[in-house]
Every structure is written in structure tokens, then in C-alpha cells.
Amino acid sequence: MVFRRFLQSLLALLATSLLSSCDQSDPSPVNPLPSEEKIVNSPLTESLFNSGELQAIAYGSYRSDSRSVVASVEDIMEDLRILSALGYNMIRTYNTQQFDEVRRIFLAIEALKKEEPEFSMYVMLGVWIDCEGAFGEAPDHTREDLDANQREIDAAVEFAQRYPHIVKVIAVGNEAMVHWAATYFVGPEVILKWVEYLQSLKQSGVLGSGLWITSSDNFASWGGGDPVYRTPVLEQLIRAVDYVSLHTYPFHDTHYNPQFWQSGAGPDEAAPISDTTSSAIHRALSYAEAQFDATERYVHSIVPGKPLHIGETGWASADNRLYGEDGSGAAGEAAQAQYVRGTLAWTRSRGITAVLFEAFDEPWKDANNPGGSENHFGLMRDHFAKQVLWEQVDQGVLEGLRRGGQTITKSSDRENTL
């Protein structure tokens, strides 16, 4: 997930046709394995998604305010035991080689499998994609950072070959096409190039035929919103991916498009948000489903029957700016609990897998502002289970488990709870 601190007016200026001259260099080749070593994925990812067996959640292991401090394998094992006890059997990651986290995640999963042969945790492996000059003073959205992106892709291929029983999805880019990702976005032609490359490795047997290839991006980037995204290249990308992984965040739109959150009142005449929270969350859920439906209609106009699933959605339990008491007032543990439960209800009823964002709070995301919403999307804060997990705590689901050496307990509910 990226920081969404960009005003819509600024983002609209950035949403231009800058992308026509993107670097189309061919990816470096990866040597295929000998035929007797060709990768086989079992069970097929398609069966996992369509059977409703997957319970998926975004996972970052970082516990401090800097990613320079990478969690140990033992710390990751602690986290995965917790997630497994809660019923999650797939985690989503975001990069392959920028930090050492992903390698340690695979080591942790393998160690847990040795500890308990029945332990199961799949990975939706994220590949970070940047434009040239990303996060600098003058990012060039017409070109990709070819060297960095190639390294990410090569590492993803290596992990998928080494752990075919764990890696079920490779997601090329995270919100890498949406124009409000102003510090790093690229055009869909960049994502298409890498998706087609990975698909070619499946065809040649370098990667398993059951591995799904996608890109995980905002619903609008998939054609479900602003028509500016609906281009011939996007149509090619929709055809190339095995499924569409879309993001929907009504939480953020409580600031950028507050009408649905505020009982239909205008922004200057809204009732106090605490008076209408339950109905507002209900509208937020309908809002997310409408974004999914709009995306599905467009995608199916290109490829009838193309699978769509939610690659990210979530709700922050605290904020001190746009979504806090002086903003939309949407942040809070009670609101988070209602949104998560409601999301799982409507997606499961429709056979959609939803990747919740996220497992644990990650304070590095807005290190300069500990109270910022980006730090508070987790279902847990340190070793405290937020309201969304209180029922499981009461049922003893997490009994005996620890995080950071501390017993899992219920939160004090101090995070701007309603």
C-alpha cells in the first residue's frame, strides 16, 4: 500500500498521457530447468481461488519505524503461527529483493512445515515496479527503472522455482499504474511486458503451469473508474493476466469523496460521524462492491468470464489527520471491525477472494507521524489484538501464542474507538 496523501486536483494534473515512450527493452532471459526438473504446482491456483479455500491477508514483518531493521526468521515464524491460527492460509508480499524480508519469510514457512507437517501457508509474491527516478525529485513516468525492475522479476522467478509448493501467485507491481502514485507509477505497457515475460516462462516450463500471474492495482487502473485508464494496452494486459487483482479503499474516500460516508449530506452540513457509523460502514461496503462491479463490467467487456479478486482492502484503526477527529472521523477499531467483517461477508457470498490489508501494524509506513493512518491498518498492534479479533481471543484461538515474547491480549481499544 502506498501513501495517499495526494490531493485529487494535483493527481489529476499528473494523470496525463506521459506514458507513450516507455522503455520496451526485452527482459533478460532466464535459463529453463532441465525437463525432468520442470516445476509443477499442486493444487492449481485456480482451484484454490475458486473453491473458496483461500483466506488471504497482506503481510509485512517490519516491527520498527524503519525497514532497515528486518524481522528475524523467528519473529516471522511467530507472526505466521498467529495468522495460521486465525485461519489465514495465504499472505501477500510486496517486493522480492529490496530488503531481505521475503527470503526470510520462505525460510520461516519451511521451518514451520518441518515443525508441523500439516502447516500450510501460501504466498502471493509481490514484485515492486518503479518508473525511472522513482521517489526522487523528478520521476519519469514515461520510462521504467529497468535495472531495478529486472532484479525484482529475476528474484521472483528464483523464489517461484525454489518454492513452487508455496508461491501460488506473482503480482507484477503494486498500485504501479494508478496516476496518484505520483512518485513511481508507470504505464500499463511496462506491466504488460513483465506479465507476458512471466507467462512465457510458464509456457516453456521454467515456471509451473499452475502459477497465476497478475498485477495488483487500484480499481480505476483496471478500467473500473476514470475512462483515461481504458486504453488498448490495458485491454492487452487484461487478456494477459490470469486474473485481475483490484484494490478498493472506501476508507480513503471518506476524505476524497465523503458524501457516501456522511448520510448524503454535503461536506459542510454533515452530522457528527460517530452518530452514523454503522450505517456509514454499510454504505462504505456497498461503495466497495460497486467499484468491484464497475471493474468487472469493464473487464468482462474485454474478456468475458475473466476472474477478478480483491488484492487489497482494509480500514485504519486510528489517524490524526484526514481520517481522524478533525477529518472524516472514519478511523477507529469498531469501524475497522465492522468493515472487515462486512467485506468478508459480501466477498465470500460471491465467491471472491479478498486480501485484507493488513496483518500487523507497520510503523515504518509513516515514520515521521506515528499517529498517521498508514501505520494503523493492521488487525494487530504489537501483541495486542484489535477489536476485529476480540471474539477469537475470547474463544481461545490465540491462546499460547506470543508476539515479541508477549502473550496475545485484547487491545485497550484506545485507538479512536467509537
# chains A, B, ... in the order shown; residues from 1 in each chain; ligands from 1
$ residues_around --residues "A:Glu312" --least-positions-apart "4" --cutoff "7 Å" --atoms "only C-alpha atoms" --output "ChimeraX atom specification"
/A:246-248,354-357
$ write_last_selection --atoms "N, CA and C atoms" --output "short mmCIF file (atom, residue, chain, number, x, y, z; two decimals), in the first residue's frame"
data_model
loop_
_atom_site.label_atom_id
_atom_site.label_comp_id
_atom_site.auth_asym_id
_atom_site.auth_seq_id
_atom_site.Cartn_x
_atom_site.Cartn_y
_atom_site.Cartn_z
N LEU A 246 -7.70 -6.36 -7.90
CA LEU A 246 -8.02 -4.93 -7.77
C LEU A 246 -8.07 -4.50 -6.31
N HIS A 247 -7.76 -3.23 -6.10
CA HIS A 247 -7.80 -2.62 -4.77
C HIS A 247 -9.00 -1.70 -4.65
N THR A 248 -9.61 -1.70 -3.49
CA THR A 248 -10.71 -0.78 -3.22
C THR A 248 -10.58 -0.28 -1.78
N ALA A 354 -10.72 -12.07 -1.04
CA ALA A 354 -10.31 -10.71 -0.67
C ALA A 354 -9.05 -10.78 0.18
N VAL A 355 -8.01 -10.10 -0.28
CA VAL A 355 -6.79 -9.97 0.52
C VAL A 355 -6.97 -8.78 1.43
N LEU A 356 -7.08 -9.03 2.72
CA LEU A 356 -7.24 -7.94 3.68
C LEU A 356 -5.92 -7.22 3.88
N PHE A 357 -6.01 -5.92 4.07
CA PHE A 357 -4.83 -5.13 4.40
C PHE A 357 -5.00 -4.60 5.81
#
$ residues_around --residues "A:Thr407" --least-positions-apart "3" --cutoff "9 Å" --atoms "only C-alpha atoms" --output "list in words"
His383, Phe384, Leu398, Glu399, Gly400, Leu401, Arg402, Arg403 and Gly404 of chain A
$ write_last_selection --atoms "N, CA and C atoms" --output "JSON list (two decimals), in the first residue's frame"
[["chain", "number", "residue", "atom", "x", "y", "z"],
["A", 383, "HIS", "N", 1.58, -6.85, 20.21],
["A", 383, "HIS", "CA", 0.96, -8.12, 20.62],
["A", 383, "HIS", "C", -0.50, -7.95, 21.03],
["A", 384, "PHE", "N", -1.07, -6.79, 20.69],
["A", 384, "PHE", "CA", -2.47, -6.52, 21.05],
["A", 384, "PHE", "C", -3.39, -6.81, 19.86],
["A", 398, "LEU", "N", -6.07, -17.79, 19.99],
["A", 398, "LEU", "CA", -4.67, -17.37, 20.04],
["A", 398, "LEU", "C", -3.99, -17.74, 21.36],
["A", 399, "GLU", "N", -4.63, -18.58, 22.12],
["A", 399, "GLU", "CA", -4.08, -18.97, 23.41],
["A", 399, "GLU", "C", -2.73, -19.68, 23.23],
["A", 400, "GLY", "N", -1.76, -19.27, 24.02],
["A", 400, "GLY", "CA", -0.44, -19.87, 23.98],
["A", 400, "GLY", "C", 0.50, -19.26, 22.96],
["A", 401, "LEU", "N", -0.03, -18.40, 22.09],
["A", 401, "LEU", "CA", 0.81, -17.76, 21.09],
["A", 401, "LEU", "C", 1.37, -16.44, 21.62],
["A", 402, "ARG", "N", 2.52, -16.06, 21.11],
["A", 402, "ARG", "CA", 3.18, -14.86, 21.59],
["A", 402, "ARG", "C", 3.69, -14.06, 20.40],
["A", 403, "ARG", "N", 3.85, -12.77, 20.62],
["A", 403, "ARG", "CA", 4.47, -11.89, 19.63],
["A", 403, "ARG", "C", 5.45, -10.98, 20.35],
["A", 404, "GLY", "N", 6.68, -11.00, 19.89],
["A", 404, "GLY", "CA", 7.70, -10.23, 20.59],
["A", 404, "GLY", "C", 7.90, -10.70, 22.01]]
$ select_by_dssp --residues "stretch 29-156 of chain A" --states "helix (DSSP H, G or I)" --output "PyMOL selection string"
chain A and resi 35-37+45-50+73-85+101-115+146-156
$ write_last_selection --atoms "N, CA and C atoms" --output "short mmCIF file (atom, residue, chain, number, x, y, z; two decimals), in the first residue's frame"
data_model
loop_
_atom_site.label_atom_id
_atom_site.label_comp_id
_atom_site.auth_asym_id
_atom_site.auth_seq_id
_atom_site.Cartn_x
_atom_site.Cartn_y
_atom_site.Cartn_z
N SER A 35 14.33 -30.70 -18.38
CA SER A 35 12.94 -31.13 -18.49
C SER A 35 12.48 -31.94 -17.29
N GLU A 36 13.38 -32.76 -16.74
CA GLU A 36 12.96 -33.58 -15.61
C GLU A 36 12.76 -32.77 -14.34
N GLU A 37 13.18 -31.48 -14.37
CA GLU A 37 13.03 -30.64 -13.19
C GLU A 37 11.98 -29.56 -13.39
N THR A 45 -3.63 -23.15 -8.70
CA THR A 45 -4.06 -21.92 -8.04
C THR A 45 -5.50 -21.60 -8.35
N GLU A 46 -5.91 -21.88 -9.57
CA GLU A 46 -7.30 -21.61 -9.95
C GLU A 46 -8.26 -22.35 -9.03
N SER A 47 -7.94 -23.59 -8.71
CA SER A 47 -8.80 -24.37 -7.82
C SER A 47 -8.83 -23.77 -6.43
N LEU A 48 -7.69 -23.28 -5.95
CA LEU A 48 -7.63 -22.66 -4.64
C LEU A 48 -8.54 -21.44 -4.57
N PHE A 49 -8.44 -20.58 -5.57
CA PHE A 49 -9.25 -19.37 -5.57
C PHE A 49 -10.73 -19.68 -5.71
N ASN A 50 -11.05 -20.54 -6.65
CA ASN A 50 -12.47 -20.75 -6.96
C ASN A 50 -13.19 -21.62 -5.95
N VAL A 73 13.92 -14.57 11.24
CA VAL A 73 13.11 -15.73 10.85
C VAL A 73 12.23 -16.15 12.03
N GLU A 74 12.76 -16.10 13.23
CA GLU A 74 11.98 -16.49 14.41
C GLU A 74 10.80 -15.54 14.63
N ASP A 75 11.01 -14.24 14.42
CA ASP A 75 9.91 -13.28 14.55
C ASP A 75 8.84 -13.56 13.51
N ILE A 76 9.25 -13.84 12.29
CA ILE A 76 8.28 -14.15 11.23
C ILE A 76 7.53 -15.42 11.54
N MET A 77 8.20 -16.39 12.10
CA MET A 77 7.52 -17.63 12.50
C MET A 77 6.44 -17.34 13.53
N GLU A 78 6.73 -16.45 14.49
CA GLU A 78 5.72 -16.03 15.46
C GLU A 78 4.48 -15.49 14.75
N ASP A 79 4.72 -14.60 13.78
CA ASP A 79 3.61 -13.98 13.07
C ASP A 79 2.79 -15.00 12.29
N LEU A 80 3.47 -15.90 11.61
CA LEU A 80 2.77 -16.87 10.78
C LEU A 80 1.98 -17.86 11.62
N ARG A 81 2.48 -18.18 12.81
CA ARG A 81 1.68 -19.03 13.70
C ARG A 81 0.36 -18.33 14.06
N ILE A 82 0.44 -17.04 14.32
CA ILE A 82 -0.75 -16.27 14.66
C ILE A 82 -1.72 -16.25 13.49
N LEU A 83 -1.21 -15.96 12.31
CA LEU A 83 -2.09 -15.88 11.13
C LEU A 83 -2.71 -17.23 10.81
N SER A 84 -1.94 -18.29 10.95
CA SER A 84 -2.48 -19.62 10.70
C SER A 84 -3.57 -19.96 11.70
N ALA A 85 -3.36 -19.61 12.97
CA ALA A 85 -4.37 -19.87 13.99
C ALA A 85 -5.66 -19.11 13.69
N GLU A 101 13.50 -9.36 3.61
CA GLU A 101 12.31 -9.90 4.27
C GLU A 101 11.77 -11.15 3.59
N VAL A 102 11.61 -11.13 2.28
CA VAL A 102 10.92 -12.21 1.59
C VAL A 102 11.70 -13.52 1.70
N ARG A 103 13.00 -13.46 1.55
CA ARG A 103 13.80 -14.68 1.73
C ARG A 103 13.56 -15.28 3.11
N ARG A 104 13.50 -14.44 4.12
CA ARG A 104 13.28 -14.94 5.48
C ARG A 104 11.87 -15.49 5.66
N ILE A 105 10.90 -14.92 4.93
CA ILE A 105 9.54 -15.45 5.00
C ILE A 105 9.51 -16.90 4.53
N PHE A 106 10.18 -17.17 3.41
CA PHE A 106 10.21 -18.55 2.91
C PHE A 106 10.95 -19.48 3.88
N LEU A 107 12.01 -19.00 4.46
CA LEU A 107 12.72 -19.81 5.45
C LEU A 107 11.82 -20.11 6.65
N ALA A 108 11.03 -19.12 7.05
CA ALA A 108 10.12 -19.30 8.19
C ALA A 108 9.04 -20.33 7.87
N ILE A 109 8.48 -20.24 6.67
CA ILE A 109 7.43 -21.20 6.28
C ILE A 109 8.00 -22.62 6.24
N GLU A 110 9.18 -22.78 5.66
CA GLU A 110 9.80 -24.10 5.60
C GLU A 110 10.10 -24.63 7.00
N ALA A 111 10.55 -23.76 7.90
CA ALA A 111 10.83 -24.19 9.27
C ALA A 111 9.55 -24.63 9.97
N LEU A 112 8.46 -23.90 9.74
CA LEU A 112 7.18 -24.27 10.36
C LEU A 112 6.65 -25.58 9.78
N LYS A 113 6.89 -25.84 8.51
CA LYS A 113 6.48 -27.11 7.91
C LYS A 113 7.26 -28.28 8.51
N LYS A 114 8.53 -28.05 8.82
CA LYS A 114 9.31 -29.10 9.46
C LYS A 114 8.82 -29.33 10.89
N GLU A 115 8.44 -28.23 11.54
CA GLU A 115 7.94 -28.30 12.91
C GLU A 115 6.60 -29.02 12.96
N LEU A 146 14.59 0.08 -15.38
CA LEU A 146 14.76 -1.26 -15.93
C LEU A 146 15.64 -2.15 -15.07
N ASP A 147 16.75 -1.63 -14.57
CA ASP A 147 17.66 -2.45 -13.78
C ASP A 147 16.99 -2.95 -12.50
N ALA A 148 16.35 -2.03 -11.78
CA ALA A 148 15.69 -2.41 -10.53
C ALA A 148 14.54 -3.38 -10.79
N ASN A 149 13.74 -3.11 -11.81
CA ASN A 149 12.60 -3.97 -12.11
C ASN A 149 13.05 -5.35 -12.56
N GLN A 150 14.13 -5.40 -13.34
CA GLN A 150 14.67 -6.70 -13.76
C GLN A 150 15.12 -7.52 -12.55
N ARG A 151 15.78 -6.86 -11.60
CA ARG A 151 16.21 -7.60 -10.41
C ARG A 151 15.02 -8.14 -9.62
N GLU A 152 13.98 -7.35 -9.52
CA GLU A 152 12.77 -7.81 -8.83
C GLU A 152 12.18 -9.04 -9.52
N ILE A 153 12.06 -8.96 -10.84
CA ILE A 153 11.49 -10.07 -11.60
C ILE A 153 12.36 -11.32 -11.49
N ASP A 154 13.67 -11.15 -11.64
CA ASP A 154 14.56 -12.31 -11.57
C ASP A 154 14.46 -13.01 -10.21
N ALA A 155 14.38 -12.20 -9.16
CA ALA A 155 14.25 -12.80 -7.82
C ALA A 155 12.92 -13.53 -7.68
N ALA A 156 11.85 -12.97 -8.26
CA ALA A 156 10.55 -13.64 -8.19
C ALA A 156 10.59 -14.99 -8.89
#
$ residues_around --residues "A:Gly372" --least-positions-apart "6" --cutoff "12 Å" --atoms "only C-alpha atoms" --output "list in words"
Phe3, Arg4, Arg5, Ala316, Ser317, Ala318, Asp319, Asn320, Arg321, Leu322, Tyr323, Gly324, Ala331, Asp361, Glu362, Pro363, Trp364, Lys365, Asp366 and Glu415 of chain A
$ closest_residue --among "A:Ile57, A:Met124, A:Leu192, A:Ala171" --to "A:Gly378" --atoms "only C-alpha atoms"
A:Ile57
$ residues_around --residues "stretch 305-307 of chain A" --least-positions-apart "4" --cutoff "8 Å" --atoms "only C-alpha atoms" --output "ChimeraX atom specification"
/A:242-244,299-300
$ closest_residue --among "A:Ala280, A:Met121, A:Met90, A:Ile352" --to "A:Phe292" --atoms "only C-alpha atoms"
A:Ile352
$ closest_residue --among "A:Glu137, A:Glu196, A:Asp382, A:Asp253" --to "A:Arg63" --atoms "only C-alpha atoms"
A:Asp382
$ closest_residue --among "A:Ala284, A:Leu379, A:Ala138, A:Cys131" --to "A:Glu333" --atoms "only C-alpha atoms"
A:Leu379
$ atom_distance --atom1 "atom CA of A:Ser301" --atom2 "atom CA of A:Thr231"
13.1 Å
$ atom_distance --atom1 "atom CA of A:Tyr59" --atom2 "atom CA of A:Asp394"
23.8 Å
